[in-house]
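> Below is the file my_file.pdb, which contains PDB, C-alpha atoms.
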ATOM      1  CA  MET A 746      -5.149   7.087  -1.327
ATOM      2  CA  ASP A 747      -3.363   8.350  -4.411
ATOM      3  CA  TRP A 748      -4.710  11.895  -4.675
ATOM      4  CA  THR A 749      -2.697  12.742  -7.795
ATOM      5  CA  ALA A 750      -4.302   9.847  -9.658
ATOM      6  CA  SER A 751      -7.750  10.875  -8.430
ATOM      7  CA  LEU A 752      -7.199  14.501  -9.412
ATOM      8  CA  GLN A 753      -6.079  13.443 -12.884
ATOM      9  CA  GLY A 754      -9.199  11.296 -13.068
ATOM     10  CA  LEU A 755     -11.323  14.318 -12.227
ATOM     11  CA  VAL A 756      -9.570  16.552 -14.787
ATOM     12  CA  GLY A 757      -9.865  13.872 -17.477
ATOM     13  CA  GLY A 758     -13.500  13.322 -16.563
ATOM     14  CA  VAL A 759     -14.256  17.025 -16.985
ATOM     15  CA  LEU A 760     -12.598  16.913 -20.438
ATOM     16  CA  ILE A 761     -14.776  13.930 -21.387
ATOM     17  CA  GLY A 762     -17.811  15.896 -20.176
ATOM     18  CA  LEU A 763     -16.741  18.909 -22.241
ATOM     19  CA  SER A 764     -16.427  16.642 -25.273
ATOM     20  CA  ALA A 765     -19.995  15.431 -24.716
ATOM     21  CA  VAL A 766     -21.298  18.995 -24.339
ATOM     22  CA  TRP A 767     -19.338  20.134 -27.404
ATOM     23  CA  LEU A 768     -20.725  17.344 -29.561
ATOM     24  CA  MET A 769     -24.287  18.068 -28.424
ATOM     25  CA  GLY A 770     -23.929  21.839 -28.828
ATOM     26  CA  THR A 771     -22.364  21.743 -32.274
ATOM     27  CA  MET A 772     -23.856  18.592 -33.801
ATOM     28  CA  GLY A 773     -26.785  17.630 -31.591
ATOM     29  CA  ARG A 774     -25.271  14.207 -30.952
ATOM     30  CA  ILE A 775     -24.739  11.939 -27.963
ATOM     31  CA  ALA A 776     -21.012  11.299 -27.368
ATOM     32  CA  GLY A 777     -21.360   7.521 -27.175
ATOM     33  CA  ILE A 778     -18.322   5.747 -28.545
ATOM     34  CA  SER A 779     -20.036   2.444 -29.335
ATOM     35  CA  GLY A 780     -22.815   4.293 -31.164
ATOM     36  CA  ILE A 781     -20.546   6.664 -33.095
ATOM     37  CA  VAL A 782     -18.035   4.003 -34.143
ATOM     38  CA  GLY A 783     -20.344   0.972 -34.267
ATOM     39  CA  ASN A 784     -22.816   2.670 -36.603
ATOM     40  CA  LEU A 785     -19.959   4.023 -38.715
ATOM     41  CA  ILE A 786     -18.534   0.542 -39.259
ATOM     42  CA  THR A 787     -21.718  -1.519 -39.560
ATOM     43  CA  GLN A 788     -23.929   0.948 -41.480
ATOM     44  CA  ARG A 789     -21.716   3.685 -43.035
ATOM     45  CA  PRO A 790     -24.643   6.143 -42.937
ATOM     46  CA  LYS A 791     -24.633   8.380 -46.038
ATOM     47  CA  GLY A 792     -23.858  12.017 -45.256
ATOM     48  CA  ASP A 793     -23.398  11.104 -41.600
ATOM     49  CA  SER A 794     -20.073   9.278 -41.663
ATOM     50  CA  ALA A 795     -17.354  11.903 -42.146
ATOM     51  CA  TRP A 796     -17.684  13.465 -38.677
ATOM     52  CA  ARG A 797     -17.599   9.967 -37.145
ATOM     53  CA  VAL A 798     -14.284   9.316 -38.891
ATOM     54  CA  THR A 799     -12.777  12.613 -37.690
ATOM     55  CA  PHE A 800     -14.123  11.918 -34.179
ATOM     56  CA  VAL A 801     -12.231   8.607 -34.137
ATOM     57  CA  LEU A 802      -9.096  10.342 -35.436
ATOM     58  CA  GLY A 803      -9.433  12.886 -32.611
ATOM     59  CA  LEU A 804     -10.000  10.115 -30.073
ATOM     60  CA  ILE A 805      -6.782   8.420 -31.157
ATOM     61  CA  SER A 806      -4.777  11.633 -31.414
ATOM     62  CA  GLY A 807      -5.603  12.672 -27.814
ATOM     63  CA  PRO A 808      -3.348  10.088 -26.134
ATOM     64  CA  LEU A 809      -0.867  10.409 -29.021
ATOM     65  CA  LEU A 810      -0.590  14.149 -28.426
ATOM     66  CA  LEU A 811       0.151  13.567 -24.726
ATOM     67  CA  MET A 812       2.890  11.098 -25.651
ATOM     68  CA  VAL A 813       4.443  13.457 -28.208
ATOM     69  CA  LEU A 814       4.325  16.421 -25.828
ATOM     70  CA  GLY A 815       5.862  14.351 -23.042
ATOM     71  CA  GLY A 816       5.718  15.815 -19.556
ATOM     72  CA  GLY A 817       4.203  12.746 -17.950
ATOM     73  CA  PHE A 818       0.527  13.711 -18.136
ATOM     74  CA  GLY A 819      -0.608  10.095 -18.348
ATOM     75  CA  ASN A 820      -2.039   8.200 -15.398
ATOM     76  CA  VAL A 821      -1.082   4.552 -15.895
ATOM     77  CA  ALA A 822      -1.285   2.742 -12.539
ATOM     78  CA  ASN A 823       2.097   1.062 -12.373
ATOM     79  CA  ALA A 824       4.103   3.306 -14.684
ATOM     80  CA  PRO A 825       3.813   6.945 -13.537
ATOM     81  CA  GLY A 826       3.510   9.350 -16.457
ATOM     82  CA  ALA A 827       2.964   6.633 -19.077
ATOM     83  CA  VAL A 828      -0.078   7.292 -21.267
ATOM     84  CA  ILE A 829      -1.225   3.862 -22.449
ATOM     85  CA  GLY A 830      -1.299   0.784 -20.217
ATOM     86  CA  GLU A 831      -0.701  -2.847 -21.095
ATOM     87  CA  PRO A 832      -3.637  -5.171 -21.891
ATOM     88  CA  ALA A 833      -4.796  -7.282 -18.952
ATOM     89  CA  GLY A 834      -4.600 -10.588 -20.792
ATOM     90  CA  GLY A 835      -3.630 -12.517 -23.891
ATOM     91  CA  VAL A 836      -5.220 -12.855 -27.296
ATOM     92  CA  VAL A 837      -7.835 -15.489 -26.377
ATOM     93  CA  LEU A 838      -9.131 -13.533 -23.389
ATOM     94  CA  MET A 839      -9.256 -10.359 -25.462
ATOM     95  CA  LEU A 840     -11.142 -12.075 -28.301
ATOM     96  CA  VAL A 841     -13.800 -13.246 -25.854
ATOM     97  CA  ALA A 842     -13.928  -9.857 -24.126
ATOM     98  CA  GLY A 843     -14.076  -7.947 -27.411
ATOM     99  CA  LEU A 844     -16.915 -10.084 -28.702
ATOM    100  CA  LEU A 845     -18.898  -9.516 -25.498
ATOM    101  CA  VAL A 846     -18.197  -5.777 -25.521
ATOM    102  CA  GLY A 847     -19.241  -5.444 -29.176
ATOM    103  CA  LEU A 848     -22.330  -7.638 -28.893
ATOM    104  CA  GLY A 849     -23.333  -6.169 -25.538
ATOM    105  CA  THR A 850     -22.975  -2.512 -26.503
ATOM    106  CA  GLY A 851     -24.684  -3.238 -29.837
ATOM    107  CA  LEU A 852     -27.700  -4.907 -28.211
ATOM    108  CA  GLY A 853     -27.743  -2.522 -25.251
ATOM    109  CA  SER A 854     -27.426   0.580 -27.474
ATOM    110  CA  GLY A 855     -24.477   2.065 -25.629
ATOM    111  CA  CYS A 856     -21.419   1.770 -23.444
ATOM    112  CA  THR A 857     -19.744   3.633 -20.603
ATOM    113  CA  SER A 858     -19.846   6.923 -22.510
ATOM    114  CA  GLY A 859     -23.294   6.867 -24.123
ATOM    115  CA  HIS A 860     -25.137   5.416 -21.116
ATOM    116  CA  GLY A 861     -22.701   6.059 -18.256
ATOM    117  CA  VAL A 862     -21.871   9.690 -19.037
ATOM    118  CA  CYS A 863     -24.346  11.189 -21.514
ATOM    119  CA  GLY A 864     -27.363   9.118 -20.479
ATOM    120  CA  ILE A 865     -26.956   9.720 -16.767
ATOM    121  CA  ALA A 866     -26.400  13.448 -17.456
ATOM    122  CA  ARG A 867     -29.789  13.415 -19.257
ATOM    123  CA  LEU A 868     -31.283  11.477 -16.318
ATOM    124  CA  SER A 869     -32.406   8.762 -18.749
ATOM    125  CA  THR A 870     -33.973   5.817 -16.924
ATOM    126  CA  ARG A 871     -32.741   3.385 -19.594
ATOM    127  CA  SER A 872     -29.166   4.637 -19.304
ATOM    128  CA  ILE A 873     -29.178   4.560 -15.514
ATOM    129  CA  ALA A 874     -30.507   0.973 -15.591
ATOM    130  CA  ALA A 875     -27.926  -0.052 -18.216
ATOM    131  CA  THR A 876     -25.078   1.546 -16.249
ATOM    132  CA  VAL A 877     -26.095  -0.185 -13.014
ATOM    133  CA  MET A 878     -26.347  -3.471 -14.932
ATOM    134  CA  PHE A 879     -22.938  -3.317 -16.625
ATOM    135  CA  LEU A 880     -21.239  -2.142 -13.430
ATOM    136  CA  ILE A 881     -22.718  -5.108 -11.532
ATOM    137  CA  THR A 882     -21.717  -7.736 -14.105
ATOM    138  CA  ALA A 883     -18.263  -6.159 -14.504
ATOM    139  CA  ILE A 884     -17.684  -6.183 -10.723
ATOM    140  CA  ILE A 885     -18.879  -9.800 -10.497
ATOM    141  CA  THR A 886     -16.625 -10.771 -13.430
ATOM    142  CA  VAL A 887     -13.544  -9.194 -11.847
ATOM    143  CA  TYR A 888     -14.417 -10.820  -8.521
ATOM    144  CA  VAL A 889     -14.688 -14.250 -10.129
ATOM    145  CA  VAL A 890     -11.519 -13.831 -12.216
ATOM    146  CA  ARG A 891      -9.356 -12.421  -9.415
ATOM    147  CA  HIS A 892     -10.724 -13.904  -6.204
ATOM    148  CA  VAL A 893     -12.505 -17.128  -7.138
ATOM    149  CA  ILE A 894     -10.380 -18.433 -10.022
ATOM    150  CA  GLY A 895      -7.262 -16.372  -9.320
ATOM    151  CA  GLY A 896      -7.279 -16.995  -5.588
ATOM    152  CA  GLY A 897      -7.115 -13.363  -4.562
ATOM    153  CA  ALA A 898      -4.207 -12.348  -6.762
TER     154      ALA A 898
ATOM    155  CA  MET B1480     -17.522  22.078 -40.509
ATOM    156  CA  LYS B1481     -19.078  18.940 -38.998
ATOM    157  CA  MET B1482     -15.796  17.146 -39.582
ATOM    158  CA  VAL B1483     -13.896  19.798 -37.601
ATOM    159  CA  MET B1484     -16.443  19.710 -34.766
ATOM    160  CA  GLY B1485     -16.244  15.918 -34.695
ATOM    161  CA  TYR B1486     -12.451  16.022 -34.547
ATOM    162  CA  ILE B1487     -12.445  18.514 -31.645
ATOM    163  CA  ALA B1488     -14.958  16.388 -29.714
ATOM    164  CA  GLY B1489     -12.865  13.265 -30.320
ATOM    165  CA  LEU B1490      -9.660  15.044 -29.315
ATOM    166  CA  LEU B1491     -11.177  16.298 -26.042
ATOM    167  CA  PHE B1492     -12.486  12.804 -25.348
ATOM    168  CA  GLY B1493      -9.134  11.161 -26.127
ATOM    169  CA  LEU B1494      -7.223  13.666 -23.987
ATOM    170  CA  GLY B1495      -9.691  13.087 -21.171
ATOM    171  CA  LEU B1496      -9.283   9.307 -21.324
ATOM    172  CA  ALA B1497      -5.478   9.586 -21.408
ATOM    173  CA  ILE B1498      -5.100  12.184 -18.623
ATOM    174  CA  SER B1499      -7.519  10.300 -16.383
ATOM    175  CA  GLY B1500      -5.674   7.001 -16.869
ATOM    176  CA  MET B1501      -8.621   5.214 -18.461
ATOM    177  CA  THR B1502      -6.276   4.108 -21.261
ATOM    178  CA  ASP B1503      -4.814   1.785 -18.617
ATOM    179  CA  PRO B1504      -6.914  -1.379 -18.122
ATOM    180  CA  ALA B1505      -5.244  -1.863 -14.721
ATOM    181  CA  ARG B1506      -6.895   1.333 -13.450
ATOM    182  CA  VAL B1507     -10.311   0.242 -14.698
ATOM    183  CA  LEU B1508      -9.988  -3.277 -13.279
ATOM    184  CA  GLY B1509      -8.684  -1.790 -10.013
ATOM    185  CA  PHE B1510     -11.926   0.173  -9.726
ATOM    186  CA  LEU B1511     -14.070  -2.859 -10.498
ATOM    187  CA  ASP B1512     -12.139  -4.993  -7.974
ATOM    188  CA  ILE B1513     -14.020  -3.930  -4.855
ATOM    189  CA  ALA B1514     -12.682  -6.910  -2.893
ATOM    190  CA  GLY B1515      -9.051  -6.109  -3.696
ATOM    191  CA  ALA B1516      -6.845  -2.989  -3.589
ATOM    192  CA  TRP B1517      -9.645  -0.682  -4.735
ATOM    193  CA  ASP B1518      -8.662   2.122  -7.129
ATOM    194  CA  PRO B1519     -11.167   5.013  -6.978
ATOM    195  CA  THR B1520      -9.856   6.810 -10.107
ATOM    196  CA  LEU B1521     -12.731   5.757 -12.384
ATOM    197  CA  MET B1522     -15.232   7.140  -9.880
ATOM    198  CA  PHE B1523     -13.630  10.576 -10.214
ATOM    199  CA  VAL B1524     -13.595  10.269 -14.016
ATOM    200  CA  LEU B1525     -17.270   9.326 -14.202
ATOM    201  CA  GLY B1526     -18.179  11.940 -11.585
ATOM    202  CA  GLY B1527     -16.326  14.731 -13.397
ATOM    203  CA  ALA B1528     -17.767  13.714 -16.751
ATOM    204  CA  VAL B1529     -21.378  13.360 -15.553
ATOM    205  CA  VAL B1530     -21.432  16.640 -13.602
ATOM    206  CA  THR B1531     -19.822  18.544 -16.495
ATOM    207  CA  SER B1532     -22.244  17.142 -19.059
ATOM    208  CA  PHE B1533     -25.235  17.541 -16.717
ATOM    209  CA  ILE B1534     -24.533  21.274 -16.412
ATOM    210  CA  GLY B1535     -23.363  21.707 -20.004
ATOM    211  CA  TYR B1536     -26.357  19.881 -21.505
ATOM    212  CA  ARG B1537     -28.738  22.166 -19.621
ATOM    213  CA  LEU B1538     -27.015  25.224 -21.100
ATOM    214  CA  VAL B1539     -26.960  23.684 -24.581
ATOM    215  CA  PHE B1540     -30.627  22.603 -24.475
ATOM    216  CA  LYS B1541     -31.686  26.210 -23.862
ATOM    217  CA  ARG B1542     -30.906  26.786 -27.544
ATOM    218  CA  SER B1543     -33.372  25.701 -30.205
ATOM    219  CA  GLY B1544     -30.863  23.375 -31.863
ATOM    220  CA  PRO B1545     -27.186  22.576 -32.396
ATOM    221  CA  LEU B1546     -24.909  25.083 -34.187
ATOM    222  CA  PHE B1547     -24.179  22.806 -37.159
ATOM    223  CA  GLY B1548     -27.143  20.465 -37.354
ATOM    224  CA  GLU B1549     -30.910  20.530 -37.684
ATOM    225  CA  ARG B1550     -31.911  19.285 -34.238
ATOM    226  CA  PHE B1551     -30.745  17.565 -31.075
ATOM    227  CA  GLN B1552     -30.839  13.835 -31.802
ATOM    228  CA  LEU B1553     -31.783  12.209 -28.509
ATOM    229  CA  PRO B1554     -32.930   8.641 -27.828
ATOM    230  CA  THR B1555     -36.702   8.429 -27.530
ATOM    231  CA  LYS B1556     -37.115   4.917 -26.113
ATOM    232  CA  LYS B1557     -38.261   4.756 -22.503
ATOM    233  CA  ASP B1558     -38.868   1.072 -21.763
ATOM    234  CA  LEU B1559     -36.404  -1.162 -19.934
ATOM    235  CA  ASP B1560     -36.435  -4.166 -22.275
ATOM    236  CA  ALA B1561     -34.469  -7.403 -22.242
ATOM    237  CA  LYS B1562     -32.284  -6.206 -25.120
ATOM    238  CA  LEU B1563     -31.070  -3.173 -23.147
ATOM    239  CA  LEU B1564     -30.459  -5.023 -19.891
ATOM    240  CA  GLY B1565     -29.147  -8.231 -21.483
ATOM    241  CA  GLY B1566     -26.818  -6.231 -23.718
ATOM    242  CA  ALA B1567     -25.551  -4.185 -20.790
ATOM    243  CA  ALA B1568     -24.968  -7.391 -18.786
ATOM    244  CA  LEU B1569     -22.898  -8.934 -21.606
ATOM    245  CA  PHE B1570     -20.953  -5.717 -22.070
ATOM    246  CA  GLY B1571     -20.130  -5.644 -18.344
ATOM    247  CA  ILE B1572     -18.682  -9.172 -18.504
ATOM    248  CA  GLY B1573     -16.444  -8.205 -21.446
ATOM    249  CA  TRP B1574     -15.451  -4.984 -19.686
ATOM    250  CA  GLY B1575     -14.620  -6.877 -16.506
ATOM    251  CA  LEU B1576     -12.533  -9.458 -18.393
ATOM    252  CA  SER B1577     -10.447  -6.914 -20.306
ATOM    253  CA  GLY B1578     -10.663  -3.561 -18.532
ATOM    254  CA  TYR B1579     -11.457  -2.039 -21.935
ATOM    255  CA  CYS B1580     -14.707  -0.407 -22.896
ATOM    256  CA  PRO B1581     -14.965   0.854 -26.506
ATOM    257  CA  GLY B1582     -13.546   4.375 -25.926
ATOM    258  CA  PRO B1583     -10.284   3.429 -24.222
ATOM    259  CA  ALA B1584      -9.810   0.424 -26.531
ATOM    260  CA  ILE B1585      -9.950   2.646 -29.622
ATOM    261  CA  ALA B1586      -8.066   5.541 -28.016
ATOM    262  CA  SER B1587      -5.195   3.155 -27.184
ATOM    263  CA  VAL B1588      -4.369   2.179 -30.780
ATOM    264  CA  SER B1589      -1.221   4.316 -30.810
ATOM    265  CA  GLY B1590       0.097   1.842 -28.235
ATOM    266  CA  LEU B1591      -1.259  -1.119 -30.193
ATOM    267  CA  THR B1592      -0.472  -4.602 -28.902
ATOM    268  CA  ILE B1593      -1.570  -7.936 -30.362
ATOM    269  CA  PRO B1594      -4.111  -8.543 -27.562
ATOM    270  CA  LEU B1595      -5.600  -5.063 -28.114
ATOM    271  CA  ALA B1596      -5.803  -5.679 -31.868
ATOM    272  CA  ALA B1597      -7.622  -8.959 -31.151
ATOM    273  CA  MET B1598     -10.009  -7.112 -28.841
ATOM    274  CA  LEU B1599     -10.785  -4.447 -31.453
ATOM    275  CA  ILE B1600     -11.395  -6.985 -34.229
ATOM    276  CA  ALA B1601     -13.667  -9.071 -31.976
ATOM    277  CA  MET B1602     -15.520  -5.926 -30.912
ATOM    278  CA  VAL B1603     -16.323  -5.093 -34.537
ATOM    279  CA  VAL B1604     -17.477  -8.690 -35.084
ATOM    280  CA  GLY B1605     -19.680  -8.276 -32.009
ATOM    281  CA  TRP B1606     -21.211  -5.084 -33.418
ATOM    282  CA  PHE B1607     -22.079  -6.862 -36.666
ATOM    283  CA  ALA B1608     -23.484  -9.809 -34.694
ATOM    284  CA  ALA B1609     -25.691  -7.453 -32.666
ATOM    285  CA  ARG B1610     -27.064  -5.993 -35.899
ATOM    286  CA  ILE B1611     -27.848  -9.442 -37.260
ATOM    287  CA  VAL B1612     -29.505 -10.538 -33.995
ATOM    288  CA  THR B1613     -31.720  -7.447 -33.842
ATOM    289  CA  ARG B1614     -32.661  -7.413 -37.523
TER     290      ARG B1614
END
Turn the structure described in the file into structure tokens.


Amino acid sequence: MDWTASLQGLVGGVLIGLSAVWLMGTMGRIAGISGIVGNLITQRPKGDSAWRVTFVLGLISGPLLLMVLGGGFGNVANAPGAVIGEPAGGVVLMLVAGLLVGLGTGLGSGCTSGHGVCGIARLSTRSIAATVMFLITAIITVYVVRHVIGGGA
Amino acid sequence: MKMVMGYIAGLLFGLGLAISGMTDPARVLGFLDIAGAWDPTLMFVLGGAVVTSFIGYRLVFKRSGPLFGERFQLPTKKDLDAKLLGGAALFGIGWGLSGYCPGPAIASVSGLTIPLAAMLIAMVVGWFAARIVTR
């Protein structure tokens, strides 16, 4: 097992947790990306949009900062030290995937961060159920793509 | 002040995603591929994030409210309806196809590729579609 990768995962995870705690402590908000960004784009809530914009800027500047600083702090699987990995497929696949991710997180009121991190930390039954559900369908999807269609590639 | 707090939260989140390797779809798909060369990284990310927020939330909730807001805004719904579970199921399929959930997809724009741009545009379309469906 690649312990360096796992340790980086743990450190990054703690930072994500700190972000969630920070946002709750200062603003009283759940750090759910699909909620923060989705509501910003689809509703532009009056008086409640500016912090969403700066949150997105922060989200983007995190990886950017690591790249500018250098030092190989990234954790890309097949390119040690790189910060951002390559997409797993072409435009058509990504259009389908993006549509499903947008529609699914919109209907399901959350994604990996809102349900998977914040919701589980609050011991929310809805979030735990949603997380189990999206993990199951994601695992099945990867199984079908890689081992049924892809022949175990 | 809210804008500064929002930026700091986003920065911490973005750094966390980048350091943990979640900005690499291969790592995410490697975790989801339990029948292949399984990559446990995401488990450590989720574990670290959940434990940190579990402890941190308990400290934060001892206060009467957030520092720069009126109250803690928490979801109040309790029921497991078809919208929640159906939405989560669809999201999982998209996540499994691409290896991107919304956070990493947005955080990766400084390394923008055409497929990622397509994903982001479709995701926004999906968000609008979800609003129309639920209206």

> Please write as an MDAnalysis selection string the full residue list that the PyMOL selection byres ((chain B and resi 1530-1534) around 12) yields on this file.

(chainID A and resid 755:770 775:776 858:859 861:869) or (chainID B and resid 1522:1529 1535:1541)

> Using only C-alpha atoms, please write the residues we just selected to a file, as an mmCIF file, in the frame of the given file.


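The resulting file, selection-v9.cif, is shown below:
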data_model
loop_
_atom_site.group_PDB
_atom_site.id
_atom_site.type_symbol
_atom_site.label_atom_id
_atom_site.label_comp_id
_atom_site.auth_asym_id
_atom_site.auth_seq_id
_atom_site.Cartn_x
_atom_site.Cartn_y
_atom_site.Cartn_z
ATOM 1 C CA LEU A 755 -11.323 14.318 -12.227
ATOM 2 C CA VAL A 756 -9.570 16.552 -14.787
ATOM 3 C CA GLY A 757 -9.865 13.872 -17.477
ATOM 4 C CA GLY A 758 -13.500 13.322 -16.563
ATOM 5 C CA VAL A 759 -14.256 17.025 -16.985
ATOM 6 C CA LEU A 760 -12.598 16.913 -20.438
ATOM 7 C CA ILE A 761 -14.776 13.930 -21.387
ATOM 8 C CA GLY A 762 -17.811 15.896 -20.176
ATOM 9 C CA LEU A 763 -16.741 18.909 -22.241
ATOM 10 C CA SER A 764 -16.427 16.642 -25.273
ATOM 11 C CA ALA A 765 -19.995 15.431 -24.716
ATOM 12 C CA VAL A 766 -21.298 18.995 -24.339
ATOM 13 C CA TRP A 767 -19.338 20.134 -27.404
ATOM 14 C CA LEU A 768 -20.725 17.344 -29.561
ATOM 15 C CA MET A 769 -24.287 18.068 -28.424
ATOM 16 C CA GLY A 770 -23.929 21.839 -28.828
ATOM 17 C CA ILE A 775 -24.739 11.939 -27.963
ATOM 18 C CA ALA A 776 -21.012 11.299 -27.368
ATOM 19 C CA SER A 858 -19.846 6.923 -22.510
ATOM 20 C CA GLY A 859 -23.294 6.867 -24.123
ATOM 21 C CA GLY A 861 -22.701 6.059 -18.256
ATOM 22 C CA VAL A 862 -21.871 9.690 -19.037
ATOM 23 C CA CYS A 863 -24.346 11.189 -21.514
ATOM 24 C CA GLY A 864 -27.363 9.118 -20.479
ATOM 25 C CA ILE A 865 -26.956 9.720 -16.767
ATOM 26 C CA ALA A 866 -26.400 13.448 -17.456
ATOM 27 C CA ARG A 867 -29.789 13.415 -19.257
ATOM 28 C CA LEU A 868 -31.283 11.477 -16.318
ATOM 29 C CA SER A 869 -32.406 8.762 -18.749
ATOM 30 C CA MET B 1522 -15.232 7.140 -9.880
ATOM 31 C CA PHE B 1523 -13.630 10.576 -10.214
ATOM 32 C CA VAL B 1524 -13.595 10.269 -14.016
ATOM 33 C CA LEU B 1525 -17.270 9.326 -14.202
ATOM 34 C CA GLY B 1526 -18.179 11.940 -11.585
ATOM 35 C CA GLY B 1527 -16.326 14.731 -13.397
ATOM 36 C CA ALA B 1528 -17.767 13.714 -16.751
ATOM 37 C CA VAL B 1529 -21.378 13.360 -15.553
ATOM 38 C CA GLY B 1535 -23.363 21.707 -20.004
ATOM 39 C CA TYR B 1536 -26.357 19.881 -21.505
ATOM 40 C CA ARG B 1537 -28.738 22.166 -19.621
ATOM 41 C CA LEU B 1538 -27.015 25.224 -21.100
ATOM 42 C CA VAL B 1539 -26.960 23.684 -24.581
ATOM 43 C CA PHE B 1540 -30.627 22.603 -24.475
ATOM 44 C CA LYS B 1541 -31.686 26.210 -23.862
#

> Using all atoms listed in the file, list the residues that have an atom at most 10 Å from (-7.7, 8.7, -32.6), coordinates as in the file, as a PDB file with C-alpha atoms, keeping the file's coordinate frame.


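The new file part.pdb reads:
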ATOM      1  CA  VAL A 798     -14.284   9.316 -38.891  1.00  0.00           C
ATOM      2  CA  THR A 799     -12.777  12.613 -37.690  1.00  0.00           C
ATOM      3  CA  PHE A 800     -14.123  11.918 -34.179  1.00  0.00           C
ATOM      4  CA  VAL A 801     -12.231   8.607 -34.137  1.00  0.00           C
ATOM      5  CA  LEU A 802      -9.096  10.342 -35.436  1.00  0.00           C
ATOM      6  CA  GLY A 803      -9.433  12.886 -32.611  1.00  0.00           C
ATOM      7  CA  LEU A 804     -10.000  10.115 -30.073  1.00  0.00           C
ATOM      8  CA  ILE A 805      -6.782   8.420 -31.157  1.00  0.00           C
ATOM      9  CA  SER A 806      -4.777  11.633 -31.414  1.00  0.00           C
ATOM     10  CA  GLY A 807      -5.603  12.672 -27.814  1.00  0.00           C
ATOM     11  CA  PRO A 808      -3.348  10.088 -26.134  1.00  0.00           C
ATOM     12  CA  LEU A 809      -0.867  10.409 -29.021  1.00  0.00           C
ATOM     13  CA  LEU A 810      -0.590  14.149 -28.426  1.00  0.00           C
TER      14      LEU A 810
ATOM     15  CA  TYR B1486     -12.451  16.022 -34.547  1.00  0.00           C
ATOM     16  CA  GLY B1489     -12.865  13.265 -30.320  1.00  0.00           C
ATOM     17  CA  LEU B1490      -9.660  15.044 -29.315  1.00  0.00           C
ATOM     18  CA  PHE B1492     -12.486  12.804 -25.348  1.00  0.00           C
ATOM     19  CA  GLY B1493      -9.134  11.161 -26.127  1.00  0.00           C
ATOM     20  CA  LEU B1494      -7.223  13.666 -23.987  1.00  0.00           C
ATOM     21  CA  GLY B1582     -13.546   4.375 -25.926  1.00  0.00           C
ATOM     22  CA  ILE B1585      -9.950   2.646 -29.622  1.00  0.00           C
ATOM     23  CA  ALA B1586      -8.066   5.541 -28.016  1.00  0.00           C
ATOM     24  CA  SER B1587      -5.195   3.155 -27.184  1.00  0.00           C
ATOM     25  CA  VAL B1588      -4.369   2.179 -30.780  1.00  0.00           C
ATOM     26  CA  SER B1589      -1.221   4.316 -30.810  1.00  0.00           C
TER      27      SER B1589
END

> Starting from the PyMOL selection byres ((chain B and resi 1611) around 12), expand the selection into actual residues of this file and give them as a ChimeraX atom specification.

/A:787-788,848,851-852 /B:1604-1610,1612-1614

> Grab the CA of Ser872 (chain A) to CA of Arg789 (chain A) distance for me, in Å with one decimal place.

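Separating CA of Ser872 (chain A) from CA of Arg789 (chain A) is a distance of 24.9 Å.
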
> Do you have the CA of Val846 (chain A)-CA of Met1602 (chain B) distance handy?

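Atom-to-atom, CA of Val846 (chain A) and CA of Met1602 (chain B) are spaced 6.0 Å apart.
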
> Find the residues around Leu840 (chain A) up to 10 Å (only C-alpha atoms counted), leave out those fewer than 3 positions away in its own chain, and share them as a ChimeraX atom specification.

/A:835-837,843-846 /B:1573,1577,1594-1602,1604

> Which is closer to Ala1584 (chain B) than all the others in B:Ala1567, B:Ile1572, B:Ile1498, B:Val1507, using only C-alpha atoms?

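Answer, going by the shortest atom-to-atom distance: B:Val1507.
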
> Between A:Ile873, A:Thr749, A:Met839, A:Ala824, which one has atoms that come closest to chain B, using only C-alpha atoms?

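Closest residue, counting only C-alpha atoms: A:Met839.
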
> Please, what is the axis-aligned box for every listed atom of region 1586-1593 of chain B with 4 Å on each side, as centre and edge lengths in Å to one decimal, as lines of an AutoDock Vina configuration file?


center_x = -4.0
center_y = -1.2
center_z = -29.0
size_x = 16.2
size_y = 21.5
size_z = 11.6

> Interatomic distance between CA of Gly817 (chain A) and CA of Arg1506 (chain B)?

16.5 Å

> How would you write, as an NGL selection string, the residues chosen by the PyMOL selection byres ((chain B and resi 1482) around 7) on this structure?

(:A and (795-796 or 799)) or (:B and (1480-1481 or 1483-1486))

> Which residue out of A:His860, A:Asn820, A:Thr870, A:Ser794 has the minimum interatomic distance to chain B when only C-alpha atoms are used?

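Ranked by minimum distance to chain B, first place goes to A:Asn820.
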
> Go through B:Gly1495, B:Ile1513, B:Met1501, B:Glu1549 and flag the residue nearest chain A, using all atoms listed in the file for the distances.

B:Gly1495

> Just checking: using only C-alpha atoms, which residue out of A:Leu811, A:Val889, A:Ala842, A:Val877 ends up closest to Leu1491 (chain B)?

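That would be A:Leu811, the residue with the smallest distance to Leu1491 (chain B).
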